[in-house]
Amino acid sequence: MYSSEQKKLVLFLSLLLCACITNAQSGYRSSITTSVNRTVFALGEQIELTLTYSHPIAETPKTLPYINDSFPHFEVIERKKADTTLNADLRTIRQVVLITSFDTGHWSIPPFALVSGKNNIASDSIGIDVTPVPLSGNSYNDIKEIIEVAPEPFDWKKWLAIIFSVALVAVGVWYYIKNRNKPKPEAPRFDSKLSPLEQALQELTKLKQSGLAEKGEMKSYYSKMSDILKIFLERQVAAGFMQHTTDETLIALKDKFLDAESTASLAEALRVGDAVKFAKYSSSVQESSRMTDVIENTVKKIPQKA
């Protein structure tokens, strides 16, 4: 028979073993890393920046990391196709971009954030040294004496080309002056008899009923959802929204048209759409429906024109 102390020890070891097994089974955690192939390069040269992040498939990330087209002291030259791999219950996405810099000095690539489930993590910053372009040769020559140059013969072909160019410019100026006052018919940018809000709500309803989400055509679904929002903003707020990035759209609407809570909800919907379109993120039917509701609530909150 075991003594009381021995029973307590056996119970403690059993609980410890169960905890270890549980941690081993649920060991899939979100992670994010960044790396570069070089930390020193000359002004205007290109290096590879690799962003890799993972999260459990069962979790829907609240914020996905994204490398903007430009960030302090660096510019994105090319985005390579993102790779997505599935390993058991873990999804891993790897994105490689080519970046350059036109500012000499020691700079840092900032950390990128990933919010998934209860995990709020960020990658480490990376120090980069951008050096001046090395000049070829290190010797200098003295100033040479003035050398007499024989005058060139008259080049009638060059003057003929100059006279022809002047005549062509004169004809162009005459044609412009003659036709500049003629009114030019301007085609409507968005031909719709509905108001911006009515058109947006109608298009969102059609999108929900299209069956694209149920067919798994998520990229097409989120692209159409983004176009509906941008066309609404183009008509209702100001021109230029069709060319806006996600960050530019949020900055334009924040505070002036939307409160903080509405801006955060819209940011989530737009970033999920970016992940589906550019990072092969697999959105669910329930999530796509919820994101569409966010867009619908957003257009309803934008003040309507009188």
# chains A, B, ... in the order shown; residues from 1 in each chain; ligands from 1

call {"tool": "closest_atom_pairs", "arguments": {"of": "range 34-105 of chain A", "to": "range 231-253 of chain A", "cutoff": "12 Å", "atoms": "only C-alpha atoms", "output": "Markdown table"}}
result
| residue | atom | partner | partner_atom | distance |
| --- | --- | --- | --- | --- |
| A:Tyr66 | CA | A:Asp247 | CA | 10.6 |
| A:Ile67 | CA | A:Asp247 | CA | 11.3 |
| A:Asn68 | CA | A:Asp247 | CA | 8.8 |
| A:Asp69 | CA | A:Thr245 | CA | 9.6 |
| A:Ser70 | CA | A:Asp247 | CA | 11.7 |

call {"tool": "residues_around", "arguments": {"residues": "range 99-112 of chain A", "least_positions_apart": "2", "cutoff": "7 Å", "atoms": "only C-alpha atoms", "output": "VMD selection string"}}
result
chain A and resid 43 to 49 65 73 to 77 97 114 122 to 132

call {"tool": "closest_residue", "arguments": {"among": "A:Ala167, A:Thr63, A:Val115, A:Phe41", "to": "Ser265 in chain A", "atoms": "only C-alpha atoms"}}
result
A:Thr63

call {"tool": "atom_distance", "arguments": {"atom1": "CA of Ala267 in chain A", "atom2": "CA of Ser288 in chain A"}}
result
14.2 Å

call {"tool": "atom_distance", "arguments": {"atom1": "CA of Ser220 in chain A", "atom2": "CA of Lys301 in chain A"}}
result
25.5 Å

call {"tool": "residues_around", "arguments": {"residues": "Ser284 in chain A", "least_positions_apart": "6", "cutoff": "9 Å", "atoms": "only C-alpha atoms", "output": "list of chain:residue names"}}
result
A:Ala213, A:Glu214, A:Gly216, A:Met218

call {"tool": "write_last_selection", "arguments": {"atoms": "C-alpha atoms", "output": "short mmCIF file (atom, residue, chain, number, x, y, z; two decimals), in the first residue's frame"}}
result
data_model
loop_
_atom_site.label_atom_id
_atom_site.label_comp_id
_atom_site.auth_asym_id
_atom_site.auth_seq_id
_atom_site.Cartn_x
_atom_site.Cartn_y
_atom_site.Cartn_z
CA ALA A 213 -18.27 32.74 -51.58
CA GLU A 214 -20.05 29.38 -51.51
CA GLY A 216 -14.84 29.23 -53.03
CA MET A 218 -13.00 34.36 -52.59
#

call {"tool": "closest_residue", "arguments": {"among": "A:Ile57, A:Ala260, A:Val299, A:Ile93", "to": "Thr33 in chain A", "atoms": "only C-alpha atoms"}}
result
A:Ile93

call {"tool": "residues_around", "arguments": {"residues": "Glu59 in chain A", "least_positions_apart": "3", "cutoff": "9 Å", "atoms": "only C-alpha atoms", "output": "list in words"}}
result
His55, Pro56, Ser116 and Gly117 of chain A

call {"tool": "write_last_selection", "arguments": {"atoms": "C-alpha atoms", "output": "PDB file, in the first residue's frame"}}
result
ATOM      1  CA  HIS A  55      -0.877  31.115 -37.492  1.00  0.00           C
ATOM      2  CA  PRO A  56      -3.139  28.176 -36.578  1.00  0.00           C
ATOM      3  CA  SER A 116      -4.054  36.225 -34.279  1.00  0.00           C
ATOM      4  CA  GLY A 117      -6.290  34.893 -31.525  1.00  0.00           C
TER       5      GLY A 117
END
